[in-house]
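Undergrad: What follows is the file coords-v2.csv, containing CSV, C-alpha atoms:
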chain,number,residue,atom,x,y,z
A,1,MET,CA,-29.6,-1.6,15.0
A,2,ALA,CA,-26.3,-2.9,16.4
A,3,LYS,CA,-25.1,-3.7,12.9
A,4,ARG,CA,-25.8,-0.2,11.8
A,5,ARG,CA,-24.0,1.3,14.8
A,6,GLY,CA,-21.0,-1.0,14.0
A,7,ALA,CA,-20.9,0.2,10.4
A,8,THR,CA,-21.1,3.8,11.5
A,9,SER,CA,-18.4,3.3,14.1
A,10,SER,CA,-16.1,1.7,11.5
A,11,TYR,CA,-16.7,4.5,9.1
A,12,TYR,CA,-15.7,7.2,11.5
A,13,TRP,CA,-12.8,5.3,13.0
A,14,LEU,CA,-11.3,4.8,9.5
A,15,LEU,CA,-12.0,8.4,8.5
A,16,GLY,CA,-10.5,9.7,11.8
A,17,SER,CA,-7.3,7.6,11.7
A,18,THR,CA,-6.8,8.7,8.1
A,19,ILE,CA,-7.2,12.4,8.9
A,20,VAL,CA,-4.9,12.1,11.9
A,21,LEU,CA,-2.1,10.4,9.9
A,22,LEU,CA,-2.5,12.9,7.0
A,23,LEU,CA,-2.2,15.9,9.3
A,24,PHE,CA,0.6,14.3,11.2
A,25,GLY,CA,2.4,13.6,8.0
A,26,LEU,CA,2.1,17.2,6.8
A,27,ILE,CA,3.6,18.4,10.1
A,28,MET,CA,6.5,16.0,9.9
A,29,ILE,CA,7.2,16.8,6.2
A,30,LEU,CA,7.6,20.4,7.2
A,31,SER,CA,10.1,19.5,9.8
A,32,ALA,CA,12.0,16.8,7.8
A,33,SER,CA,12.2,18.8,4.5
A,34,SER,CA,12.7,22.4,5.7
A,35,VAL,CA,16.5,22.3,5.5
A,36,MET,CA,16.6,20.7,2.0
A,37,ALA,CA,13.8,22.9,0.7
A,38,TYR,CA,15.6,26.1,1.8
A,39,ALA,CA,18.9,24.9,0.3
A,40,LYS,CA,17.4,23.8,-3.0
A,41,GLU,CA,14.4,26.0,-3.5
A,42,GLY,CA,15.1,29.0,-1.2
A,43,ASP,CA,11.7,28.3,0.6
A,44,SER,CA,11.5,26.2,3.7
A,45,TYR,CA,7.9,25.5,3.0
A,46,TYR,CA,8.3,24.3,-0.6
A,47,TYR,CA,7.7,20.6,0.0
A,48,LEU,CA,5.0,21.3,2.5
A,49,LYS,CA,3.0,23.5,0.1
A,50,ARG,CA,3.3,20.8,-2.6
A,51,GLN,CA,2.2,18.1,-0.3
A,52,LEU,CA,-0.7,20.2,1.0
A,53,LEU,CA,-1.9,20.7,-2.6
A,54,TRP,CA,-1.8,16.9,-3.2
A,55,ALA,CA,-3.6,16.4,0.1
A,56,LEU,CA,-6.4,18.6,-1.0
A,57,VAL,CA,-6.7,16.8,-4.3
A,58,GLY,CA,-6.6,13.4,-2.5
A,59,LEU,CA,-9.3,14.4,0.0
A,60,ALA,CA,-11.5,15.6,-2.8
A,61,ALA,CA,-11.0,12.2,-4.6
A,62,MET,CA,-11.6,10.4,-1.3
A,63,GLY,CA,-14.9,12.2,-1.0
A,64,ILE,CA,-16.0,11.3,-4.5
A,65,PHE,CA,-15.0,7.7,-4.2
A,66,SER,CA,-16.8,7.4,-0.8
A,67,ARG,CA,-20.0,8.3,-2.6
A,68,PHE,CA,-19.4,6.1,-5.7
A,69,ASN,CA,-21.0,2.6,-5.3
A,70,TYR,CA,-18.0,0.3,-5.2
A,71,ARG,CA,-19.9,-2.4,-7.2
A,72,ASN,CA,-19.7,-0.2,-10.3
A,73,PHE,CA,-15.9,-0.7,-10.2
A,74,ARG,CA,-16.4,-4.2,-11.5
A,75,LYS,CA,-17.5,-2.7,-14.9
A,76,LEU,CA,-14.3,-0.6,-14.9
A,77,SER,CA,-11.8,-3.3,-13.7
A,78,VAL,CA,-10.6,-4.4,-17.2
A,79,ALA,CA,-10.4,-0.9,-18.6
A,80,GLY,CA,-8.5,0.1,-15.4
A,81,ILE,CA,-5.9,-2.6,-15.7
A,82,ILE,CA,-5.4,-1.9,-19.4
A,83,LEU,CA,-4.8,1.8,-18.7
A,84,ALA,CA,-2.4,1.0,-15.8
A,85,LEU,CA,-0.4,-1.4,-18.1
A,86,PHE,CA,-0.3,1.3,-20.8
A,87,CYS,CA,1.0,3.9,-18.4
A,88,LEU,CA,3.6,1.5,-17.1
A,89,VAL,CA,4.9,0.9,-20.6
A,90,LEU,CA,4.9,4.7,-21.4
A,91,VAL,CA,7.1,5.4,-18.4
A,92,LEU,CA,9.8,3.2,-19.8
A,93,ILE,CA,9.9,5.0,-23.2
A,94,PRO,CA,12.8,7.5,-23.4
A,95,ASN,CA,11.8,11.1,-23.6
A,96,ILE,CA,8.3,10.3,-22.2
A,97,GLY,CA,9.1,8.9,-18.8
A,98,ARG,CA,10.9,11.2,-16.4
A,99,ALA,CA,14.0,9.7,-14.8
A,100,ALA,CA,15.4,10.6,-11.4
A,101,GLY,CA,17.9,8.9,-9.1
A,102,GLY,CA,18.6,6.3,-11.7
A,103,ALA,CA,15.0,5.2,-12.1
A,104,SER,CA,12.3,6.1,-14.6
A,105,ARG,CA,9.0,6.0,-12.6
A,106,TRP,CA,7.2,9.2,-13.5
A,107,LEU,CA,5.1,10.7,-16.3
A,108,PRO,CA,5.4,14.5,-16.5
A,109,LEU,CA,2.1,16.4,-16.1
A,110,GLY,CA,3.2,20.0,-16.6
A,111,PRO,CA,4.9,21.2,-13.3
A,112,PHE,CA,3.9,17.9,-11.6
A,113,ALA,CA,4.7,14.2,-12.2
A,114,PHE,CA,2.5,11.2,-12.1
A,115,GLN,CA,3.7,7.8,-10.9
A,116,PRO,CA,1.9,5.1,-12.8
A,117,SER,CA,2.9,2.3,-10.4
A,118,GLU,CA,0.7,3.9,-7.7
A,119,PHE,CA,-2.3,3.8,-9.9
A,120,ALA,CA,-1.4,0.2,-10.9
A,121,LYS,CA,-1.6,-0.9,-7.3
A,122,LEU,CA,-5.2,0.1,-7.0
A,123,ALA,CA,-6.1,-1.1,-10.6
A,124,ILE,CA,-4.7,-4.5,-9.9
A,125,ILE,CA,-6.6,-4.9,-6.6
A,126,LEU,CA,-9.8,-4.0,-8.5
A,127,TYR,CA,-9.0,-6.4,-11.3
A,128,VAL,CA,-8.0,-9.4,-9.1
A,129,ALA,CA,-11.0,-8.9,-6.8
A,130,ASP,CA,-13.3,-8.9,-9.8
A,131,VAL,CA,-11.7,-12.0,-11.4
A,132,LEU,CA,-11.7,-14.0,-8.2
A,133,THR,CA,-15.4,-13.0,-7.6
A,134,GLN,CA,-16.4,-14.2,-11.1
A,135,ARG,CA,-14.6,-17.5,-10.5
A,136,ARG,CA,-15.6,-18.1,-6.9
A,137,GLY,CA,-17.1,-21.5,-7.8
A,138,GLU,CA,-14.0,-22.7,-9.6
A,139,ILE,CA,-11.4,-21.3,-7.3
A,140,HIS,CA,-10.1,-24.9,-6.5
A,141,ASP,CA,-9.2,-25.4,-10.2
A,142,LEU,CA,-5.6,-24.4,-10.5
A,143,THR,CA,-6.0,-23.4,-14.2
A,144,GLN,CA,-9.0,-21.1,-13.4
A,145,LEU,CA,-7.0,-19.7,-10.4
A,146,LEU,CA,-3.9,-18.9,-12.3
A,147,VAL,CA,-5.4,-17.5,-15.6
A,148,PRO,CA,-5.7,-14.6,-16.0
A,149,VAL,CA,-4.6,-13.4,-12.6
A,150,VAL,CA,-0.9,-14.6,-12.6
A,151,PRO,CA,-0.1,-13.4,-16.2
A,152,VAL,CA,-1.6,-10.0,-15.7
A,153,VAL,CA,0.0,-9.5,-12.2
A,154,GLY,CA,3.3,-10.9,-13.4
A,155,PHE,CA,3.4,-8.6,-16.5
A,156,ALA,CA,2.6,-5.5,-14.4
A,157,SER,CA,5.2,-6.5,-11.8
A,158,ALA,CA,7.8,-7.0,-14.6
A,159,LEU,CA,7.1,-3.6,-16.0
A,160,VAL,CA,7.5,-2.1,-12.5
A,161,ILE,CA,10.8,-4.0,-11.9
A,162,LEU,CA,12.1,-2.5,-15.2
A,163,GLN,CA,11.7,1.0,-13.9
A,164,PRO,CA,13.4,-0.3,-11.6
A,165,ASP,CA,11.2,-0.5,-8.5
A,166,MET,CA,11.3,-4.0,-7.0
A,167,GLY,CA,9.7,-2.9,-3.7
A,168,THR,CA,6.5,-1.8,-5.4
A,169,ALA,CA,6.5,-5.0,-7.5
A,170,VAL,CA,6.8,-7.1,-4.4
A,171,ALA,CA,3.9,-5.2,-2.8
A,172,ILE,CA,1.7,-5.8,-5.8
A,173,CYS,CA,2.5,-9.5,-5.9
A,174,PHE,CA,2.0,-9.9,-2.1
A,175,VAL,CA,-1.4,-8.2,-2.1
A,176,SER,CA,-2.6,-10.4,-5.1
A,177,TYR,CA,-1.3,-13.4,-3.2
A,178,VAL,CA,-3.3,-12.5,-0.1
A,179,LEU,CA,-6.4,-12.0,-2.2
A,180,VAL,CA,-6.0,-15.5,-3.7
A,181,PHE,CA,-5.7,-16.9,-0.2
A,182,LEU,CA,-8.7,-15.0,1.1
A,183,ALA,CA,-10.8,-16.1,-1.9
A,184,GLY,CA,-10.5,-19.7,-0.7
A,185,ALA,CA,-7.9,-21.2,-2.9
A,186,ARG,CA,-6.5,-24.6,-1.9
A,187,LEU,CA,-3.7,-24.4,0.6
A,188,ARG,CA,-1.3,-26.4,-1.6
A,189,HIS,CA,-1.9,-24.0,-4.5
A,190,VAL,CA,-1.3,-21.1,-2.1
A,191,PHE,CA,1.9,-22.7,-0.8
A,192,GLY,CA,3.1,-23.4,-4.3
A,193,LEU,CA,2.5,-19.8,-5.4
A,194,GLY,CA,4.3,-18.6,-2.3
A,195,VAL,CA,7.4,-20.7,-3.0
A,196,ALA,CA,7.5,-19.6,-6.6
A,197,GLY,CA,7.2,-16.0,-5.6
A,198,SER,CA,9.9,-16.2,-3.1
A,199,LEU,CA,12.3,-17.9,-5.6
A,200,ALA,CA,11.5,-15.2,-8.1
A,201,ALA,CA,12.2,-12.5,-5.5
A,202,LEU,CA,15.6,-14.0,-4.7
A,203,PHE,CA,16.4,-14.2,-8.4
A,204,PHE,CA,15.7,-10.5,-9.0
A,205,ILE,CA,17.6,-9.5,-5.8
A,206,PHE,CA,20.8,-11.1,-7.0
A,207,SER,CA,20.3,-10.3,-10.7
A,208,GLU,CA,21.3,-6.7,-10.2
A,209,GLU,CA,24.4,-5.5,-8.3
A,210,TYR,CA,22.7,-2.6,-6.5
A,211,ARG,CA,20.0,-4.9,-5.2
A,212,ARG,CA,22.6,-7.4,-4.0
A,213,GLN,CA,24.5,-4.6,-2.3
A,214,ARG,CA,21.2,-3.5,-0.6
A,215,PHE,CA,20.6,-7.0,0.6
A,216,ILE,CA,24.2,-7.3,2.0
A,217,ALA,CA,23.7,-3.9,3.7
A,218,PHE,CA,20.5,-5.2,5.3
A,219,LEU,CA,22.4,-8.2,6.7
A,220,ASN,CA,25.3,-6.0,7.9
A,221,PRO,CA,25.3,-2.3,7.1
A,222,TRP,CA,28.8,-1.9,8.5
A,223,VAL,CA,30.3,-4.0,5.7
A,224,ASP,CA,30.2,-0.8,3.6
A,225,PRO,CA,29.3,2.1,6.0
A,226,ARG,CA,30.0,4.9,3.5
A,227,LYS,CA,28.0,3.5,0.5
A,228,SER,CA,25.4,0.8,0.6
A,229,GLY,CA,25.1,0.8,4.4
A,230,PHE,CA,25.2,4.5,4.9
A,231,GLN,CA,21.4,5.2,4.8
A,232,ILE,CA,20.4,2.5,7.2
A,233,ILE,CA,23.2,3.5,9.6
A,234,GLN,CA,22.1,7.1,9.6
A,235,SER,CA,18.5,6.0,10.1
A,236,LEU,CA,19.5,3.9,13.2
A,237,LEU,CA,21.5,6.8,14.5
A,238,ALA,CA,18.3,8.9,14.2
A,239,PHE,CA,16.3,6.4,16.3
A,240,GLY,CA,19.1,6.1,18.8
A,241,SER,CA,19.3,9.9,19.2
A,242,GLY,CA,15.6,10.2,19.8
A,243,GLY,CA,15.4,7.8,22.7
A,244,ILE,CA,12.0,7.7,24.5
A,245,ARG,CA,10.9,11.3,24.2
A,246,GLY,CA,12.9,12.5,21.2
A,247,LEU,CA,14.9,15.6,20.7
A,248,GLY,CA,11.8,17.8,20.1
A,249,PHE,CA,9.9,18.8,17.0
A,250,GLY,CA,12.1,20.4,14.4
A,251,MET,CA,15.3,19.5,16.3
A,252,SER,CA,16.5,16.6,14.1
A,253,ARG,CA,20.2,16.6,13.2
A,254,GLN,CA,20.0,13.9,10.6
A,255,LYS,CA,17.9,16.0,8.2
A,256,PHE,CA,20.9,18.3,7.8
A,257,PHE,CA,22.0,16.2,4.7
A,258,TYR,CA,23.1,13.2,6.8
A,259,LEU,CA,20.0,11.0,6.1
A,260,PRO,CA,19.1,10.7,2.5
A,261,ALA,CA,15.4,10.8,1.6
A,262,ALA,CA,14.5,12.2,5.1
A,263,HIS,CA,11.1,13.6,4.0
A,264,THR,CA,10.2,10.7,1.7
A,265,ASP,CA,11.1,7.0,2.4
A,266,PHE,CA,12.9,7.7,5.7
A,267,ILE,CA,10.5,10.1,7.4
A,268,PHE,CA,9.8,7.5,10.0
A,269,ALA,CA,13.4,7.8,11.2
A,270,ILE,CA,12.9,11.6,11.6
A,271,ILE,CA,9.8,10.9,13.6
A,272,GLY,CA,11.8,8.6,15.9
A,273,GLU,CA,14.6,11.2,16.2
A,274,GLU,CA,12.3,14.2,17.0
A,275,LEU,CA,9.5,12.5,18.9
A,276,GLY,CA,11.2,9.4,20.1
A,277,LEU,CA,9.7,6.0,20.9
A,278,ILE,CA,6.4,7.8,21.9
A,279,GLY,CA,6.1,9.3,18.4
A,280,THR,CA,6.8,6.1,16.5
A,281,LEU,CA,4.4,4.1,18.7
A,282,PHE,CA,1.8,6.7,18.0
A,283,VAL,CA,2.2,6.1,14.2
A,284,VAL,CA,2.1,2.3,14.7
A,285,LEU,CA,-1.1,2.7,16.7
A,286,MET,CA,-2.8,4.8,14.0
A,287,PHE,CA,-1.9,2.3,11.3
A,288,ALA,CA,-3.2,-0.5,13.5
A,289,VAL,CA,-6.5,1.4,14.0
A,290,LEU,CA,-6.7,1.9,10.2
A,291,ALA,CA,-5.9,-1.7,9.4
A,292,ILE,CA,-8.3,-3.2,12.0
A,293,THR,CA,-11.1,-0.9,10.9
A,294,GLY,CA,-10.4,-1.5,7.2
A,295,MET,CA,-10.5,-5.3,7.6
A,296,ARG,CA,-13.6,-5.0,9.8
A,297,ILE,CA,-15.3,-3.1,7.0
A,298,ALA,CA,-14.2,-5.7,4.5
A,299,PHE,CA,-15.4,-8.6,6.5
A,300,ARG,CA,-18.8,-7.0,7.0
A,301,SER,CA,-19.3,-6.3,3.3
A,302,ARG,CA,-22.5,-7.4,1.7
A,303,ASP,CA,-20.8,-9.4,-1.2
A,304,VAL,CA,-17.7,-11.2,-2.1
A,305,PHE,CA,-16.4,-8.5,-4.4
A,306,GLY,CA,-16.7,-5.9,-1.5
A,307,ARG,CA,-14.9,-8.3,0.9
A,308,LEU,CA,-12.0,-8.9,-1.5
A,309,LEU,CA,-11.8,-5.3,-2.6
A,310,GLY,CA,-11.8,-4.0,1.0
A,311,SER,CA,-9.3,-6.6,2.1
A,312,GLY,CA,-7.0,-5.8,-0.8
A,313,ILE,CA,-6.9,-2.1,-0.2
A,314,THR,CA,-6.4,-2.5,3.5
A,315,CYS,CA,-3.7,-5.1,3.0
A,316,MET,CA,-1.9,-2.8,0.5
A,317,ILE,CA,-1.8,0.2,2.9
A,318,LEU,CA,-0.7,-2.0,5.8
A,319,SER,CA,1.9,-4.0,3.9
A,320,GLN,CA,3.5,-0.7,2.6
A,321,ALA,CA,3.6,0.7,6.1
A,322,LEU,CA,5.2,-2.5,7.5
A,323,ILE,CA,7.7,-2.7,4.7
A,324,ASN,CA,8.7,1.0,5.1
A,325,MET,CA,9.0,0.8,8.8
A,326,GLY,CA,10.9,-2.5,8.6
A,327,ALA,CA,13.4,-1.0,6.1
A,328,VAL,CA,13.9,2.1,8.2
A,329,THR,CA,14.6,0.2,11.3
A,330,GLY,CA,16.8,-2.4,9.6
A,331,ILE,CA,14.4,-5.3,9.9
A,332,LEU,CA,13.9,-5.5,6.2
A,333,PRO,CA,16.1,-4.5,3.1
A,334,VAL,CA,15.7,-0.9,1.9
A,335,THR,CA,13.0,-1.0,-0.9
A,336,GLY,CA,12.1,2.6,-1.6
A,337,ILE,CA,8.5,2.2,-0.6
A,338,PRO,CA,7.0,5.3,1.0
A,339,LEU,CA,5.1,5.4,4.3
A,340,PRO,CA,1.5,5.8,3.3
A,341,LEU,CA,-0.1,9.1,4.2
A,342,LEU,CA,3.1,10.3,5.8
A,343,SER,CA,5.9,10.3,3.2
A,344,PHE,CA,6.2,13.2,0.7
A,345,GLY,CA,4.8,12.2,-2.6
A,346,GLY,CA,1.7,13.2,-4.5
A,347,SER,CA,0.8,10.0,-6.5
A,348,SER,CA,1.1,7.8,-3.4
A,349,LEU,CA,-1.0,10.1,-1.3
A,350,VAL,CA,-3.7,10.6,-3.8
A,351,PHE,CA,-4.2,7.0,-4.7
A,352,THR,CA,-4.0,5.9,-1.0
A,353,LEU,CA,-6.8,8.3,-0.3
A,354,CYS,CA,-8.8,7.0,-3.3
A,355,GLY,CA,-8.5,3.5,-1.8
A,356,ILE,CA,-9.7,4.7,1.6
A,357,GLY,CA,-12.6,6.5,-0.1
A,358,ILE,CA,-13.6,3.1,-1.6
A,359,LEU,CA,-13.4,1.5,1.9
A,360,LEU,CA,-15.6,4.3,3.2
A,361,ASN,CA,-18.2,3.5,0.5
A,362,ILE,CA,-18.1,-0.2,1.4
A,363,ALA,CA,-18.8,0.8,5.0
A,364,THR,CA,-21.8,3.0,4.0
A,365,GLN,CA,-23.2,0.2,1.8
A,366,GLU,CA,-23.1,-2.2,4.8
A,367,LYS,CA,-25.3,0.1,6.9
A,368,GLY,CA,-28.7,-1.4,7.5
A,369,ALA,CA,-28.0,-4.3,5.2
A,370,SER,CA,-28.0,-8.0,6.0
A,371,TYR,CA,-24.4,-9.3,6.3
A,372,ALA,CA,-25.0,-12.2,3.9
A,373,GLY,CA,-25.9,-9.9,1.0
A,374,SER,CA,-28.0,-10.5,-2.1
A,375,ASP,CA,-25.9,-13.4,-3.3
A,376,MET,CA,-26.6,-15.3,0.0
A,377,ARG,CA,-30.3,-14.6,-0.3
A,378,ARG,CA,-30.2,-16.3,-3.7
A,379,GLY,CA,-28.8,-19.3,-1.9
A,380,ASP,CA,-25.4,-19.4,-3.6
A,381,ARG,CA,-23.3,-20.7,-0.7
A,382,ARG,CA,-20.2,-20.6,-2.8
A,383,THR,CA,-20.0,-16.9,-2.2
A,384,ARG,CA,-19.1,-17.4,1.4
A,385,LEU,CA,-15.4,-16.9,1.9
A,386,PRO,CA,-13.5,-19.1,4.3
A,387,TRP,CA,-12.8,-16.2,6.6
A,388,SER,CA,-16.4,-14.9,6.8
A,389,SER,CA,-18.3,-15.1,10.0
A,390,SER,CA,-21.2,-17.0,8.4
A,391,GLY,CA,-20.7,-20.3,10.0
A,392,ARG,CA,-18.1,-22.9,11.0
A,393,GLY,CA,-17.6,-24.1,7.5
A,394,THR,CA,-18.4,-23.4,3.9
A,395,LYS,CA,-20.6,-25.8,2.1
A,396,VAL,CA,-19.3,-26.7,-1.3
A,397,SER,CA,-20.8,-29.5,-3.4
A,398,GLY,CA,-22.8,-30.8,-0.5
A,399,ARG,CA,-20.0,-31.1,2.0
A,400,ARG,CA,-18.2,-28.9,4.5
A,401,ARG,CA,-14.6,-28.1,4.4
What would the structure in this file look like if it were written as structure tokens?
TA:
Amino acid sequence: MAKRRGATSSYYWLLGSTIVLLLFGLIMILSASSVMAYAKEGDSYYYLKRQLLWALVGLAAMGIFSRFNYRNFRKLSVAGIILALFCLVLVLIPNIGRAAGGASRWLPLGPFAFQPSEFAKLAIILYVADVLTQRRGEIHDLTQLLVPVVPVVGFASALVILQPDMGTAVAICFVSYVLVFLAGARLRHVFGLGVAGSLAALFFIFSEEYRRQRFIAFLNPWVDPRKSGFQIIQSLLAFGSGGIRGLGFGMSRQKFFYLPAAHTDFIFAIIGEELGLIGTLFVVLMFAVLAITGMRIAFRSRDVFGRLLGSGITCMILSQALINMGAVTGILPVTGIPLPLLSFGGSSLVFTLCGIGILLNIATQEKGASYAGSDMRRGDRRTRLPWSSSGRGTKVSGRRR
């Protein structure tokens, strides 16, 4: 009975925090985009209406996914990753992919545009979770661990970098890395992958001039305040102007064409300016609730695939939120990653809500079920992950580790 109440509580906490963030995002998009929307489109509500349409699509998708048994995704994981890679290739082909701001990241769908990298995030989580579940008994073998996870994730990340979109590529690699760790890989293998990934990131940062300039601006934006450092300086001015209570809803000055991407990547700065420290802490609190609830649902899942899948989706949402807020506040380099559920952008919103729908389904599957799940009842102790609450250690080959 207590377990059932816990599952129900997690379900509604996750659903509640998602709806609150979504509604709050719509309100802030209206404020942050009204000036630009009127200047470009002659309609102050232009971006709000588009985001509202995508929100309705995303909520419908979340409802469908919340009723679709997450275990069935294992049958679709290979097809999903193939489709994601195909779309990532298509977006790089001239006259097929749509370019904007010097990047080719969208596929046109009539009056709308689809961003394949957002779909790829979810497809890779499904694929990696499925592969690691299949090889749970061989996870300590480096060859079994690396193949085919590293080639597939590396190829997908390379295609995303070519768009170019290094921020999304880093997010994809980071979540895959976390899943490898959670699956129980040896710490020396995890450490080696971390070092290799860090060196690769440094190489790509300094291989392109604009990325190098962004990194320098992160270290000291005042080196080039009118170009590479302009955006972060304007963002910090927004936070400074907001203070504790903010200037008031709709009273932002930075949205008057001072702060680029005010309603997309830098919407968190507008929140800080208009609603102050109180508003930004509210956003942080809501993401904390979503993250804690998502991981709780994942840890309570009935099987290994559910635990890895739930952890991956939660980690993806949380890592994007942290990267975005870190970039906007000057703690991290600017990456172009949107703030989940808050930033303007249809593809990001829809696939984030799809992922949350999967988490909701994992929560419903846990209701009234034993925590160990069917694999445990068959006596396969190898399915116990190192972070599960099923004992002090995991028995492998007759010994505890």
Undergrad: Using only C-alpha atoms, pick whichever of A:Ile323, A:Glu118, A:Ala32, A:Gly242 has the shortest atom-to-atom distance to Ile278 of chain A.
TA: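 Closest residue, counting only C-alpha atoms: A:Gly242.
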Undergrad: Near segment 176-178 of chain A, counting all atoms listed in the file, which residues have an atom at most 12 Å away, once you skip same-chain residues fewer than 2 positions from it, shown as a ChimeraX atom specification?
TA: /A:121-132,145-146,149-154,156-157,169-174,180-185,187,189-198,308-309,311-316,319
Undergrad: At a cut-off of 12 Å, using only C-alpha atoms, what residues contact Gly272 of chain A? Leave out same-chain residues fewer than 2 positions from it and give the result as a ChimeraX atom specification.
TA: /A:28,32,235-254,262,266-270,274-284,325,328-329
Undergrad: Go ahead and fit an axis-aligned box to every listed atom of segment 354-368 of chain A plus 8 Å each side, and pass me the centre and edge lengths in Å, one decimal, as lines of an AutoDock Vina configuration file.
TA:
center_x = -18.6
center_y = 2.4
center_z = 2.1
size_x = 36.2
size_y = 25.2
size_z = 26.8
Undergrad: Using all atoms listed in the file, which residues sit within 7 Å of Gly345 of chain A once same-chain residues fewer than 3 positions away are excluded, as a tab-separated table (two decimals) with C-alpha atoms, in the coordinates of the input?
TA:
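This went into selection-v2.tsv:
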chain	number	residue	atom	x	y	z
A	51	GLN	CA	2.20	18.10	-0.30
A	348	SER	CA	1.10	7.80	-3.40
A	349	LEU	CA	-1.00	10.10	-1.30
Undergrad: Give me the residues of segment 229-337 of chain A that have any atom at most 6 Å from an atom of segment 11-22 of chain A; for each, the nearest atom pair and the distance in Å, rounded to one decimal. Use all atoms listed in the file, sort by chain and number, and format it as JSON lines.
TA:
{"residue": "A:Met286", "atom": "CA", "partner": "A:Ser17", "partner_atom": "CA", "distance": 5.8}
{"residue": "A:Leu290", "atom": "CA", "partner": "A:Leu14", "partner_atom": "CA", "distance": 5.5}
{"residue": "A:Thr293", "atom": "CA", "partner": "A:Leu14", "partner_atom": "CA", "distance": 5.9}
Undergrad: Find the distance between atom CA of Ala363 of chain A and atom CA of Phe305 of chain A and write it in Å to one decimal.
TA: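 Separating atom CA of Ala363 of chain A from atom CA of Phe305 of chain A is a distance of 13.4 Å.
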Undergrad: For the atom pair atom CA of Thr264 of chain A and atom CA of Asn324 of chain A, what is the interatomic distance in Å to one decimal place?
TA: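 That distance, rounded to one decimal, is 10.4 Å.
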Undergrad: Could you name the residues that touch segment 87-97 of chain A at 6 Å or less, counting all atoms listed in the file, but leaving out those on the same chain fewer than 3 positions away, as a VMD selection string?
TA: chain A and resid 84 104 106 to 107 116
Undergrad: Just how far from atom CA of Asn72 of chain A is atom CA of Ile297 of chain A, in Å to one decimal?
TA: 18.1 Å
Undergrad: Choose the residue, out of A:Leu76, A:Ile362, A:Gln320, A:Phe344, that has the smallest atom-to-atom separation from Ala55 of chain A; count all atoms listed in the file.
TA: A:Phe344
Undergrad: I want to know what sits within 9 Å of segment 200-209 of chain A, based on all atoms listed in the file, with residues of the same chain fewer than 6 positions away left out; could you give that as a list in words?
TA: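 So, after excluding close chain neighbours, the residues are Ile161, Met166, Val170 and Phe215 of chain A.
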